[in-house]
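Peer 1: You'll find data_10.pdb just under this line, and it carries PDB, C-alpha atoms and all ligand atoms.
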```pdb
ATOM      1  CA  MET A   1      42.084 -64.754  12.853
ATOM      2  CA  LYS A   2      44.059 -67.637  14.318
ATOM      3  CA  ASN A   3      43.467 -68.762  17.863
ATOM      4  CA  GLN A   4      46.772 -67.853  19.607
ATOM      5  CA  SER A   5      46.428 -70.318  22.479
ATOM      6  CA  ALA A   6      49.416 -71.138  24.719
ATOM      7  CA  THR A   7      49.771 -74.577  23.111
ATOM      8  CA  MET A   8      50.527 -73.232  19.643
ATOM      9  CA  PHE A   9      53.951 -71.918  20.698
ATOM     10  CA  GLU A  10      57.037 -74.111  20.561
ATOM     11  CA  SER A  11      58.558 -72.570  23.715
ATOM     12  CA  VAL A  12      57.938 -69.953  26.384
ATOM     13  CA  PHE A  13      60.494 -67.785  24.555
ATOM     14  CA  ALA A  14      58.344 -68.016  21.400
ATOM     15  CA  GLU A  15      55.178 -67.198  23.332
ATOM     16  CA  ASP A  16      56.717 -64.246  25.214
ATOM     17  CA  THR A  17      58.251 -62.884  22.006
ATOM     18  CA  HIS A  18      54.891 -63.077  20.216
ATOM     19  CA  LYS A  19      53.159 -61.336  23.105
ATOM     20  CA  GLY A  20      55.785 -58.576  23.400
ATOM     21  CA  LEU A  21      55.944 -57.772  19.692
ATOM     22  CA  THR A  22      52.174 -57.736  19.198
ATOM     23  CA  SER A  23      51.599 -55.459  22.225
ATOM     24  CA  TYR A  24      51.496 -51.701  22.199
ATOM     25  CA  PRO A  25      53.965 -50.394  23.204
ATOM     26  CA  LYS A  26      56.217 -53.289  22.165
ATOM     27  CA  PHE A  27      58.451 -55.020  24.706
ATOM     28  CA  LEU A  28      60.776 -58.006  25.123
ATOM     29  CA  HIS A  29      61.993 -59.612  28.362
ATOM     30  CA  SER A  30      65.622 -58.926  29.289
ATOM     31  CA  LYS A  31      66.051 -62.446  30.698
ATOM     32  CA  TYR A  32      66.213 -63.680  27.091
ATOM     33  CA  ILE A  33      69.389 -61.679  26.450
ATOM     34  CA  TYR A  34      71.339 -64.383  28.281
ATOM     35  CA  ASP A  35      72.318 -67.194  25.941
ATOM     36  CA  LYS A  36      75.987 -68.151  25.542
ATOM     37  CA  LYS A  37      76.709 -64.971  23.563
ATOM     38  CA  GLY A  38      74.647 -62.807  25.952
ATOM     39  CA  ASP A  39      76.540 -64.251  28.951
ATOM     40  CA  LYS A  40      79.827 -63.403  27.260
ATOM     41  CA  LEU A  41      78.696 -59.863  26.439
ATOM     42  CA  PHE A  42      77.632 -59.381  30.056
ATOM     43  CA  GLN A  43      81.119 -60.494  31.183
ATOM     44  CA  GLU A  44      82.505 -57.820  28.828
ATOM     45  CA  ILE A  45      80.116 -55.230  30.296
ATOM     46  CA  MET A  46      81.289 -56.079  33.816
ATOM     47  CA  ALA A  47      84.879 -55.414  32.737
ATOM     48  CA  MET A  48      84.064 -51.988  31.183
ATOM     49  CA  PRO A  49      85.335 -48.931  33.075
ATOM     50  CA  GLU A  50      81.887 -47.269  32.730
ATOM     51  CA  TYR A  51      80.081 -50.195  34.397
ATOM     52  CA  TYR A  52      80.881 -49.072  37.944
ATOM     53  CA  LEU A  53      78.598 -51.655  39.618
ATOM     54  CA  THR A  54      81.177 -54.460  39.535
ATOM     55  CA  SER A  55      84.088 -52.501  40.973
ATOM     56  CA  CYS A  56      81.927 -50.773  43.622
ATOM     57  CA  GLU A  57      80.549 -54.084  44.904
ATOM     58  CA  PHE A  58      84.006 -55.684  44.687
ATOM     59  CA  ASP A  59      85.369 -52.853  46.884
ATOM     60  CA  ILE A  60      82.558 -53.291  49.425
ATOM     61  CA  LEU A  61      83.316 -57.006  49.731
ATOM     62  CA  LYS A  62      87.059 -56.434  49.854
ATOM     63  CA  GLN A  63      86.843 -53.719  52.548
ATOM     64  CA  ASN A  64      84.300 -55.565  54.691
ATOM     65  CA  LYS A  65      85.063 -59.253  54.124
ATOM     66  CA  THR A  66      86.131 -59.863  57.727
ATOM     67  CA  ASP A  67      82.935 -58.367  59.189
ATOM     68  CA  ILE A  68      80.731 -60.024  56.568
ATOM     69  CA  ALA A  69      82.289 -63.467  57.105
ATOM     70  CA  LYS A  70      81.802 -63.072  60.871
ATOM     71  CA  ILE A  71      78.129 -62.186  60.397
ATOM     72  CA  PHE A  72      77.609 -65.179  58.062
ATOM     73  CA  SER A  73      79.312 -67.708  60.307
ATOM     74  CA  SER A  74      77.716 -69.698  63.081
ATOM     75  CA  GLU A  75      78.790 -72.356  65.569
ATOM     76  CA  ASN A  76      77.583 -75.103  63.281
ATOM     77  CA  SER A  77      78.309 -75.415  59.631
ATOM     78  CA  PHE A  78      76.042 -73.394  57.283
ATOM     79  CA  ASP A  79      75.047 -73.378  53.620
ATOM     80  CA  LEU A  80      76.082 -70.365  51.547
ATOM     81  CA  ILE A  81      73.599 -70.331  48.664
ATOM     82  CA  GLU A  82      74.349 -67.973  45.794
ATOM     83  CA  LEU A  83      71.519 -67.189  43.372
ATOM     84  CA  GLY A  84      72.907 -66.306  39.909
ATOM     85  CA  ALA A  85      76.480 -67.303  40.624
ATOM     86  CA  GLY A  86      78.068 -66.262  37.299
ATOM     87  CA  ASP A  87      81.864 -66.463  37.341
ATOM     88  CA  GLY A  88      81.981 -65.964  41.121
ATOM     89  CA  LYS A  89      84.735 -63.332  40.928
ATOM     90  CA  LYS A  90      83.291 -61.295  43.806
ATOM     91  CA  THR A  91      82.161 -64.308  45.802
ATOM     92  CA  LYS A  92      85.680 -65.762  45.770
ATOM     93  CA  LEU A  93      86.733 -62.882  48.047
ATOM     94  CA  LEU A  94      84.223 -64.031  50.659
ATOM     95  CA  LEU A  95      84.937 -67.744  50.136
ATOM     96  CA  LYS A  96      88.658 -67.133  50.657
ATOM     97  CA  GLU A  97      87.969 -65.205  53.868
ATOM     98  CA  LEU A  98      85.624 -67.913  55.206
ATOM     99  CA  VAL A  99      88.252 -70.582  54.439
ATOM    100  CA  ASP A 100      91.099 -68.548  55.945
ATOM    101  CA  LYS A 101      89.115 -68.121  59.171
ATOM    102  CA  ASN A 102      88.268 -71.831  59.246
ATOM    103  CA  TYR A 103      84.502 -71.302  59.173
ATOM    104  CA  LYS A 104      82.605 -74.467  58.280
ATOM    105  CA  PHE A 105      80.284 -74.094  55.313
ATOM    106  CA  ASN A 106      79.132 -75.566  52.013
ATOM    107  CA  TYR A 107      78.962 -73.323  48.973
ATOM    108  CA  LEU A 108      75.850 -73.926  46.815
ATOM    109  CA  PRO A 109      76.029 -71.810  43.649
ATOM    110  CA  VAL A 110      72.721 -71.738  41.745
ATOM    111  CA  ASP A 111      72.601 -70.936  38.042
ATOM    112  CA  ILE A 112      70.401 -71.788  35.095
ATOM    113  CA  SER A 113      73.495 -72.694  33.063
ATOM    114  CA  GLN A 114      75.274 -75.981  33.899
ATOM    115  CA  ASN A 115      78.162 -74.703  31.809
ATOM    116  CA  VAL A 116      78.619 -71.679  34.080
ATOM    117  CA  LEU A 117      78.440 -73.944  37.159
ATOM    118  CA  ASP A 118      81.015 -76.386  35.781
ATOM    119  CA  GLU A 119      83.438 -73.568  35.004
ATOM    120  CA  LEU A 120      82.954 -72.098  38.465
ATOM    121  CA  GLU A 121      83.442 -75.461  40.168
ATOM    122  CA  ASN A 122      86.654 -76.107  38.221
ATOM    123  CA  ALA A 123      88.003 -72.631  38.975
ATOM    124  CA  LEU A 124      87.300 -73.128  42.694
ATOM    125  CA  LYS A 125      89.038 -76.522  42.675
ATOM    126  CA  ASP A 126      92.169 -74.753  41.417
ATOM    127  CA  GLU A 127      91.948 -71.534  43.382
ATOM    128  CA  ILE A 128      90.318 -72.425  46.733
ATOM    129  CA  PRO A 129      90.280 -76.256  46.889
ATOM    130  CA  GLN A 130      89.238 -76.233  50.552
ATOM    131  CA  VAL A 131      85.700 -75.047  49.643
ATOM    132  CA  SER A 132      83.040 -77.758  49.589
ATOM    133  CA  VAL A 133      81.022 -76.908  46.442
ATOM    134  CA  LYS A 134      77.575 -78.350  45.646
ATOM    135  CA  THR A 135      76.340 -76.800  42.408
ATOM    136  CA  GLN A 136      72.571 -76.442  41.884
ATOM    137  CA  GLN A 137      71.391 -76.171  38.292
ATOM    138  CA  GLY A 138      67.969 -74.593  37.901
ATOM    139  CA  THR A 139      65.927 -71.426  38.051
ATOM    140  CA  TYR A 140      65.963 -69.326  41.234
ATOM    141  CA  PHE A 141      62.349 -70.236  41.766
ATOM    142  CA  GLU A 142      62.851 -74.028  41.576
ATOM    143  CA  THR A 143      65.869 -73.770  43.822
ATOM    144  CA  LEU A 144      64.101 -71.600  46.361
ATOM    145  CA  GLU A 145      61.326 -74.169  46.618
ATOM    146  CA  LYS A 146      63.919 -76.861  47.184
ATOM    147  CA  LEU A 147      65.676 -74.680  49.760
ATOM    148  CA  ALA A 148      62.549 -74.314  51.804
ATOM    149  CA  GLU A 149      62.837 -78.047  52.499
ATOM    150  CA  TYR A 150      66.404 -77.834  53.897
ATOM    151  CA  ASN A 151      65.459 -76.363  57.200
ATOM    152  CA  SER A 152      67.988 -78.167  59.344
ATOM    153  CA  ARG A 153      71.057 -76.105  58.404
ATOM    154  CA  LYS A 154      71.504 -72.396  58.641
ATOM    155  CA  LYS A 155      71.238 -70.726  55.241
ATOM    156  CA  VAL A 156      72.940 -67.578  54.034
ATOM    157  CA  ILE A 157      71.479 -66.553  50.673
ATOM    158  CA  LEU A 158      73.664 -64.399  48.475
ATOM    159  CA  VAL A 159      72.411 -62.339  45.519
ATOM    160  CA  LEU A 160      75.128 -60.048  44.174
ATOM    161  CA  GLY A 161      75.348 -57.643  41.230
ATOM    162  CA  SER A 162      72.008 -55.804  41.737
ATOM    163  CA  ASN A 163      70.299 -58.534  39.702
ATOM    164  CA  ILE A 164      67.074 -57.569  41.486
ATOM    165  CA  GLY A 165      67.221 -54.277  39.534
ATOM    166  CA  ASN A 166      66.068 -56.061  36.377
ATOM    167  CA  LEU A 167      62.686 -56.678  38.028
ATOM    168  CA  SER A 168      59.796 -54.262  38.440
ATOM    169  CA  HIS A 169      59.014 -53.389  42.076
ATOM    170  CA  SER A 170      56.126 -55.849  42.186
ATOM    171  CA  GLU A 171      58.289 -58.644  40.694
ATOM    172  CA  ALA A 172      61.040 -57.722  43.170
ATOM    173  CA  VAL A 173      58.598 -58.030  46.087
ATOM    174  CA  ASP A 174      57.518 -61.476  44.801
ATOM    175  CA  PHE A 175      61.147 -62.525  44.448
ATOM    176  CA  LEU A 176      62.003 -61.335  47.985
ATOM    177  CA  ARG A 177      58.841 -62.961  49.340
ATOM    178  CA  ASN A 178      59.848 -66.306  47.774
ATOM    179  CA  ILE A 179      63.227 -66.002  49.452
ATOM    180  CA  ALA A 180      61.608 -65.015  52.770
ATOM    181  CA  VAL A 181      59.382 -68.114  52.637
ATOM    182  CA  ALA A 182      62.481 -70.300  52.180
ATOM    183  CA  MET A 183      64.206 -68.688  55.191
ATOM    184  CA  SER A 184      64.120 -69.774  58.828
ATOM    185  CA  ASP A 185      64.689 -67.424  61.786
ATOM    186  CA  ASP A 186      68.473 -67.954  61.834
ATOM    187  CA  ASP A 187      68.905 -67.505  58.100
ATOM    188  CA  MET A 188      69.948 -64.345  56.345
ATOM    189  CA  LEU A 189      69.881 -62.777  52.928
ATOM    190  CA  PHE A 190      72.816 -60.708  51.639
ATOM    191  CA  MET A 191      71.841 -58.766  48.533
ATOM    192  CA  GLY A 192      73.380 -56.057  46.334
ATOM    193  CA  PHE A 193      71.375 -52.969  45.286
ATOM    194  CA  ASP A 194      72.769 -50.344  42.920
ATOM    195  CA  GLN A 195      72.064 -46.878  44.326
ATOM    196  CA  LYS A 196      70.625 -43.667  42.873
ATOM    197  CA  LYS A 197      73.471 -41.364  41.873
ATOM    198  CA  ASP A 198      74.511 -38.697  39.334
ATOM    199  CA  PRO A 199      72.288 -39.575  36.349
ATOM    200  CA  GLN A 200      75.219 -39.070  33.949
ATOM    201  CA  ILE A 201      77.194 -41.871  35.633
ATOM    202  CA  ILE A 202      74.215 -44.202  35.169
ATOM    203  CA  MET A 203      73.703 -43.163  31.540
ATOM    204  CA  ASN A 204      77.405 -43.799  30.796
ATOM    205  CA  ALA A 205      77.230 -47.284  32.342
ATOM    206  CA  TYR A 206      74.343 -48.299  30.058
ATOM    207  CA  ASN A 207      75.432 -46.501  26.899
ATOM    208  CA  ASP A 208      79.143 -47.185  26.475
ATOM    209  CA  PRO A 209      80.963 -45.676  23.485
ATOM    210  CA  ALA A 210      82.412 -49.074  22.453
ATOM    211  CA  GLY A 211      78.850 -50.322  21.843
ATOM    212  CA  ILE A 212      79.093 -53.424  24.065
ATOM    213  CA  THR A 213      75.781 -52.603  25.788
ATOM    214  CA  GLU A 214      74.204 -52.038  22.377
ATOM    215  CA  ARG A 215      75.330 -55.523  21.246
ATOM    216  CA  PHE A 216      74.087 -56.974  24.546
ATOM    217  CA  ASN A 217      70.665 -55.344  24.061
ATOM    218  CA  LYS A 218      70.493 -56.388  20.383
ATOM    219  CA  ASN A 219      71.280 -59.980  21.360
ATOM    220  CA  LEU A 220      67.507 -60.249  21.885
ATOM    221  CA  LEU A 221      67.001 -59.695  18.149
ATOM    222  CA  VAL A 222      69.899 -62.050  17.321
ATOM    223  CA  ARG A 223      68.226 -64.792  19.379
ATOM    224  CA  ILE A 224      64.876 -64.200  17.690
ATOM    225  CA  ASN A 225      66.656 -64.440  14.309
ATOM    226  CA  HIS A 226      68.483 -67.677  15.232
ATOM    227  CA  GLU A 227      65.862 -69.460  17.280
ATOM    228  CA  LEU A 228      62.580 -68.242  15.829
ATOM    229  CA  GLY A 229      63.502 -67.591  12.186
ATOM    230  CA  GLY A 230      63.427 -63.807  12.564
ATOM    231  CA  GLU A 231      64.638 -61.426   9.892
ATOM    232  CA  PHE A 232      65.691 -58.479  12.070
ATOM    233  CA  GLU A 233      68.390 -56.287  10.490
ATOM    234  CA  LEU A 234      70.339 -55.097  13.521
ATOM    235  CA  GLU A 235      71.587 -51.848  11.974
ATOM    236  CA  LYS A 236      67.973 -50.709  11.507
ATOM    237  CA  PHE A 237      67.577 -50.435  15.303
ATOM    238  CA  LYS A 238      69.157 -47.961  17.687
ATOM    239  CA  HIS A 239      70.057 -48.763  21.294
ATOM    240  CA  TRP A 240      68.532 -46.075  23.526
ATOM    241  CA  GLU A 241      68.854 -45.610  27.277
ATOM    242  CA  THR A 242      66.858 -43.364  29.608
ATOM    243  CA  TYR A 243      67.149 -42.701  33.320
ATOM    244  CA  ASP A 244      64.434 -41.137  35.460
ATOM    245  CA  PRO A 245      66.054 -39.683  38.605
ATOM    246  CA  GLU A 246      62.660 -39.435  40.312
ATOM    247  CA  THR A 247      61.866 -43.149  40.180
ATOM    248  CA  GLY A 248      65.482 -44.367  39.873
ATOM    249  CA  THR A 249      64.590 -46.416  36.808
ATOM    250  CA  ALA A 250      67.021 -46.849  33.904
ATOM    251  CA  ARG A 251      65.266 -48.222  30.841
ATOM    252  CA  SER A 252      66.743 -49.744  27.671
ATOM    253  CA  PHE A 253      65.027 -49.639  24.309
ATOM    254  CA  LEU A 254      65.635 -50.677  20.730
ATOM    255  CA  VAL A 255      64.218 -47.996  18.446
ATOM    256  CA  SER A 256      63.339 -48.679  14.811
ATOM    257  CA  LYS A 257      65.201 -46.148  12.636
ATOM    258  CA  GLU A 258      62.659 -46.449   9.843
ATOM    259  CA  GLU A 259      59.238 -47.805   8.998
ATOM    260  CA  GLN A 260      59.732 -51.521   8.389
ATOM    261  CA  ARG A 261      58.132 -54.946   8.483
ATOM    262  CA  VAL A 262      60.031 -57.865  10.033
ATOM    263  CA  LYS A 263      59.056 -61.491   9.455
ATOM    264  CA  ILE A 264      59.458 -64.037  12.244
ATOM    265  CA  HIS A 265      58.840 -67.301  10.425
ATOM    266  CA  ARG A 266      58.429 -69.716  13.311
ATOM    267  CA  LEU A 267      55.855 -67.401  14.898
ATOM    268  CA  GLU A 268      54.086 -66.971  11.527
ATOM    269  CA  LEU A 269      54.242 -63.286  12.317
ATOM    270  CA  GLU A 270      55.116 -60.116  10.474
ATOM    271  CA  VAL A 271      55.832 -57.260  12.857
ATOM    272  CA  LYS A 272      55.206 -53.749  11.612
ATOM    273  CA  PHE A 273      57.307 -50.902  12.999
ATOM    274  CA  ASP A 274      56.587 -47.229  12.457
ATOM    275  CA  ALA A 275      59.659 -45.023  12.077
ATOM    276  CA  TRP A 276      61.070 -44.367  15.609
ATOM    277  CA  GLU A 277      58.777 -46.882  17.253
ATOM    278  CA  SER A 278      60.396 -48.534  20.300
ATOM    279  CA  ILE A 279      60.755 -51.982  21.836
ATOM    280  CA  HIS A 280      61.288 -51.726  25.594
ATOM    281  CA  THR A 281      63.875 -54.366  26.539
ATOM    282  CA  GLU A 282      65.150 -53.909  30.093
ATOM    283  CA  ILE A 283      64.833 -51.979  33.330
ATOM    284  CA  SER A 284      67.808 -51.500  35.632
ATOM    285  CA  GLN A 285      66.324 -50.074  38.828
ATOM    286  CA  LYS A 286      68.441 -47.870  41.117
ATOM    287  CA  TYR A 287      67.597 -47.728  44.810
ATOM    288  CA  ASP A 288      67.936 -45.763  48.026
ATOM    289  CA  ASP A 289      67.495 -46.934  51.627
ATOM    290  CA  ALA A 290      63.804 -45.935  51.650
ATOM    291  CA  ILE A 291      62.961 -48.056  48.570
ATOM    292  CA  VAL A 292      64.911 -51.042  49.906
ATOM    293  CA  SER A 293      63.137 -50.826  53.303
ATOM    294  CA  TRP A 294      59.770 -50.581  51.571
ATOM    295  CA  LEU A 295      60.490 -53.642  49.375
ATOM    296  CA  ALA A 296      61.690 -55.585  52.426
ATOM    297  CA  ASP A 297      58.619 -54.619  54.400
ATOM    298  CA  GLU A 298      56.283 -55.666  51.588
ATOM    299  CA  ALA A 299      58.083 -59.030  51.412
ATOM    300  CA  GLY A 300      58.050 -59.682  55.174
ATOM    301  CA  LEU A 301      61.792 -59.095  55.648
ATOM    302  CA  LEU A 302      63.746 -56.774  57.951
ATOM    303  CA  VAL A 303      66.806 -54.795  56.907
ATOM    304  CA  GLU A 304      69.458 -55.544  59.544
ATOM    305  CA  ARG A 305      72.347 -53.451  58.214
ATOM    306  CA  ASN A 306      74.089 -52.402  55.062
ATOM    307  CA  PHE A 307      77.608 -52.048  53.692
ATOM    308  CA  ALA A 308      78.419 -49.231  51.251
ATOM    309  CA  ASP A 309      81.425 -48.154  49.209
ATOM    310  CA  SER A 310      82.988 -44.763  50.043
ATOM    311  CA  ASN A 311      80.842 -42.936  47.432
ATOM    312  CA  ASN A 312      77.562 -44.677  48.326
ATOM    313  CA  CYS A 313      77.478 -45.893  44.749
ATOM    314  CA  PHE A 314      76.323 -49.384  45.655
ATOM    315  CA  LYS A 315      75.116 -51.088  48.845
ATOM    316  CA  ASN A 316      74.878 -54.655  50.076
ATOM    317  CA  TYR A 317      72.061 -55.154  52.577
ATOM    318  CA  ILE A 318      71.589 -57.907  55.144
ATOM    319  CA  PHE A 319      67.973 -59.009  55.610
ATOM    320  CA  ARG A 320      66.370 -61.313  58.146
ATOM    321  CA  ARG A 321      62.891 -62.652  58.436
TER     322      ARG A 321
HETATM  323  C1  LIG B   1      72.430 -58.191  35.291
HETATM  324  N1  LIG B   1      72.003 -56.795  35.500
HETATM  325  C2  LIG B   1      72.080 -56.439  36.920
HETATM  326  C3  LIG B   1      72.635 -55.818  34.597
HETATM  327  C4  LIG B   1      72.151 -54.387  34.932
HETATM  328  O1  LIG B   1      72.979 -53.569  35.303
HETATM  329  O2  LIG B   1      70.956 -54.133  34.844
HETATM  330  C5  LIG B   1      72.361 -56.116  33.145
HETATM  331  C6  LIG B   1      72.885 -55.031  32.214
HETATM  332  N2  LIG B   1      72.178 -54.402  31.309
HETATM  333  C7  LIG B   1      72.924 -53.526  30.679
HETATM  334  N3  LIG B   1      74.140 -53.546  31.226
HETATM  335  C8  LIG B   1      74.136 -54.509  32.167
END
```
Take the structure from the file and write it as structure tokens.
Ligand code: AVI

Peer 2:
Amino acid sequence: MKNQSATMFESVFAEDTHKGLTSYPKFLHSKYIYDKKGDKLFQEIMAMPEYYLTSCEFDILKQNKTDIAKIFSSENSFDLIELGAGDGKKTKLLLKELVDKNYKFNYLPVDISQNVLDELENALKDEIPQVSVKTQQGTYFETLEKLAEYNSRKKVILVLGSNIGNLSHSEAVDFLRNIAVAMSDDDMLFMGFDQKKDPQIIMNAYNDPAGITERFNKNLLVRINHELGGEFELEKFKHWETYDPETGTARSFLVSKEEQRVKIHRLELEVKFDAWESIHTEISQKYDDAIVSWLADEAGLLVERNFADSNNCFKNYIFRR
């Protein structure tokens, strides 16, 4: 048997894919869904009527923008740092309000994709040219380390879209702890958390009839095919979603419709699937106030207040150290 040491893999993606597909039960990391095509599919998901998260959070920001901008602002200028900026559709509501009220701030959108940042910067130049934008390309982790060094200006850290929901609770605590370490006493964190609700609404959001979520989920296999010489036949896998109302965890799977063997040439691997064997691909955690307080407590943060939409579908929480 070959020695599968870390050095034999051409990338972390290759290594993680090998690990996930040789484990039992099989798994893949959802962060690898997001290449150019995955980003585009996620934009399509956000525009779907079933994907309530976007419109609920948009409503919260729209209804409360005056209060939120007041809470963010301070006598001196501050840095508004957005982790995972995306297309900034929701953030533009807040930026517009901050500009209209003449608050002094710099907007620092952070994203792994320079392409996404360039598009956002150009859009802001056209739509809200008064905003001073300083894009930060990198992972959240790298950026948070860098942020910890900027202690002279007040920081407001923004994480929208319930992105934290794609982490397990222990990963979420680590993520919040990293943010807490980068924060000073005056700083605050404004973060979106999708809430527990009628399980059918959640199932519909992650299992749309048009099959956009299925294509998004299968983009993992498409990437393995393109980047690692995989031979996955997409139609031989079924997108499957579950939601556990007790834990609030939605889980996505790809289930093999038949017994099959799939070669992945660049990993020198042949993966054997039994009929109806699964690959776990993503969790989308749903929260309530008790879970959010517990996560905050574990990470050394305090929940100061929250903003909800009229149906308590989604909440944005303000945390301090
Ligand atoms: C990015 N993230 C918060 C999305 C979610 O809701 O978990 C990703 C997604 N997966 C399926 N649909 C959307």

Peer 1: What do you get as a list in words if you pick all residues at most 9 Å from ligand LIG 1 (chain B), counting all atoms listed in the file?

Peer 2: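 With all atoms listed in the file and a cut-off of 9 Å, ligand LIG 1 (chain B) is contacted by Ser30, Lys31, Phe42, Ile45, Met46, Tyr51, Leu53, Leu160, Gly161, Ser162, Asn163, Ile164, Gly165, Asn166, Asp194, Ala205, Tyr206, Asn207, Ile212, Thr213, Glu214, Phe216, Asn217, Ala250, Ser252, Glu282, Ile283, Ser284 and Gln285 of chain A.
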
Peer 1: Just how far from atom CA of Phe193 of chain A is atom CA of Phe253 of chain A, in Å to one decimal?

Peer 2: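 Here the two named atoms are 22.2 Å from each other.
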
Peer 1: Give me the residues within 9 Å of Phe307 of chain A as a list of chain:residue names, counting all atoms listed in the file and dropping any in the same chain fewer than 5 places off.

Peer 2: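 Here the answer would be A:Ile60, A:Leu61, A:Asn64, A:Phe314, A:Lys315, A:Asn316, A:Tyr317, A:Ile318.
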
Peer 1: Using the chain letters and numbers from this file, what does the PyMOL selection byres (((chain A and resi 267) around 10) and not hetatm) select? Give the answer as a short mmCIF file (atom, residue, chain, number, x, y, z; two decimals) with C-alpha atoms, in the coordinates of the input.

Peer 2:
```cif
data_model
loop_
_atom_site.label_atom_id
_atom_site.label_comp_id
_atom_site.auth_asym_id
_atom_site.auth_seq_id
_atom_site.Cartn_x
_atom_site.Cartn_y
_atom_site.Cartn_z
CA MET A 8 50.53 -73.23 19.64
CA PHE A 9 53.95 -71.92 20.70
CA GLU A 10 57.04 -74.11 20.56
CA ALA A 14 58.34 -68.02 21.40
CA GLU A 15 55.18 -67.20 23.33
CA THR A 17 58.25 -62.88 22.01
CA HIS A 18 54.89 -63.08 20.22
CA ILE A 224 64.88 -64.20 17.69
CA LEU A 228 62.58 -68.24 15.83
CA GLY A 229 63.50 -67.59 12.19
CA GLY A 230 63.43 -63.81 12.56
CA LYS A 263 59.06 -61.49 9.46
CA ILE A 264 59.46 -64.04 12.24
CA HIS A 265 58.84 -67.30 10.42
CA ARG A 266 58.43 -69.72 13.31
CA GLU A 268 54.09 -66.97 11.53
CA LEU A 269 54.24 -63.29 12.32
CA GLU A 270 55.12 -60.12 10.47
#
```

Peer 1: Report, in Å to a single decimal, how far apart atom CA of Tyr24 of chain A and atom CA of Val271 of chain A are.

Peer 2: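 Going from atom CA of Val271 of chain A over to atom CA of Tyr24 of chain A covers 11.7 Å.
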
Peer 1: Go through A:Val116, A:Val173, A:His226, A:Arg215 and flag the residue nearest Ser293 of chain A, using only C-alpha atoms for the distances.

Peer 2: A:Val173

Peer 1: With the file shown as input, list the residues that the PyMOL selection byres (((chain A and resi 127-137) around 9) and not hetatm) selects, as a PyMOL selection string.

Peer 2: chain A and resi 92+95-96+99+105-114+117-118+121-126+138-139+143

Peer 1: Could you give me, as a ChimeraX atom specification, the residues within 12 Å of Phe72 of chain A, counting all atoms listed in the file and dropping anything in the same chain fewer than 6 positions from it?

Peer 2: /A:65-66,78-81,94-95,97-98,101,103-105,154-158,186-190,318-320

Peer 1: By how many Å are atom CA of Ala296 of chain A and atom CA of Leu176 of chain A apart?

Peer 2: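 Answer for the atom CA of Ala296 of chain A to atom CA of Leu176 of chain A separation: 7.3 Å.
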
Peer 1: Under the rule that all atoms listed in the file are counted, which of A:Thr91, A:Gln200, A:Gly84, A:Asp185 is the nearest residue to Phe141 of chain A?

Peer 2: A:Gly84

Peer 1: Would you pick out the contacts of Pro245 of chain A at 12 Å or less, using only C-alpha atoms, so that residues sharing its chain but fewer than 5 positions from it are not included, and give the list as a PyMOL selection string?

Peer 2: chain A and resi 195-203+250-251+285-288

Peer 1: Given the selection you just returned, output its residues as a file containing C-alpha atoms, formatted as a PDB file, in the coordinates of the input.

Peer 2:
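Contents of again_4.pdb, as written:
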```
ATOM      1  CA  GLN A 195      72.064 -46.878  44.326  1.00  0.00           C
ATOM      2  CA  LYS A 196      70.625 -43.667  42.873  1.00  0.00           C
ATOM      3  CA  LYS A 197      73.471 -41.364  41.873  1.00  0.00           C
ATOM      4  CA  ASP A 198      74.511 -38.697  39.334  1.00  0.00           C
ATOM      5  CA  PRO A 199      72.288 -39.575  36.349  1.00  0.00           C
ATOM      6  CA  GLN A 200      75.219 -39.070  33.949  1.00  0.00           C
ATOM      7  CA  ILE A 201      77.194 -41.871  35.633  1.00  0.00           C
ATOM      8  CA  ILE A 202      74.215 -44.202  35.169  1.00  0.00           C
ATOM      9  CA  MET A 203      73.703 -43.163  31.540  1.00  0.00           C
ATOM     10  CA  ALA A 250      67.021 -46.849  33.904  1.00  0.00           C
ATOM     11  CA  ARG A 251      65.266 -48.222  30.841  1.00  0.00           C
ATOM     12  CA  GLN A 285      66.324 -50.074  38.828  1.00  0.00           C
ATOM     13  CA  LYS A 286      68.441 -47.870  41.117  1.00  0.00           C
ATOM     14  CA  TYR A 287      67.597 -47.728  44.810  1.00  0.00           C
ATOM     15  CA  ASP A 288      67.936 -45.763  48.026  1.00  0.00           C
TER      16      ASP A 288
END
```

Peer 1: Which residues are close to Leu21 of chain A, i.e. within 9 Å by only C-alpha atoms, leaving aside same-chain residues fewer than 5 positions away? Reply as a PyMOL selection string.

Peer 2: chain A and resi 16+26-28+271+279
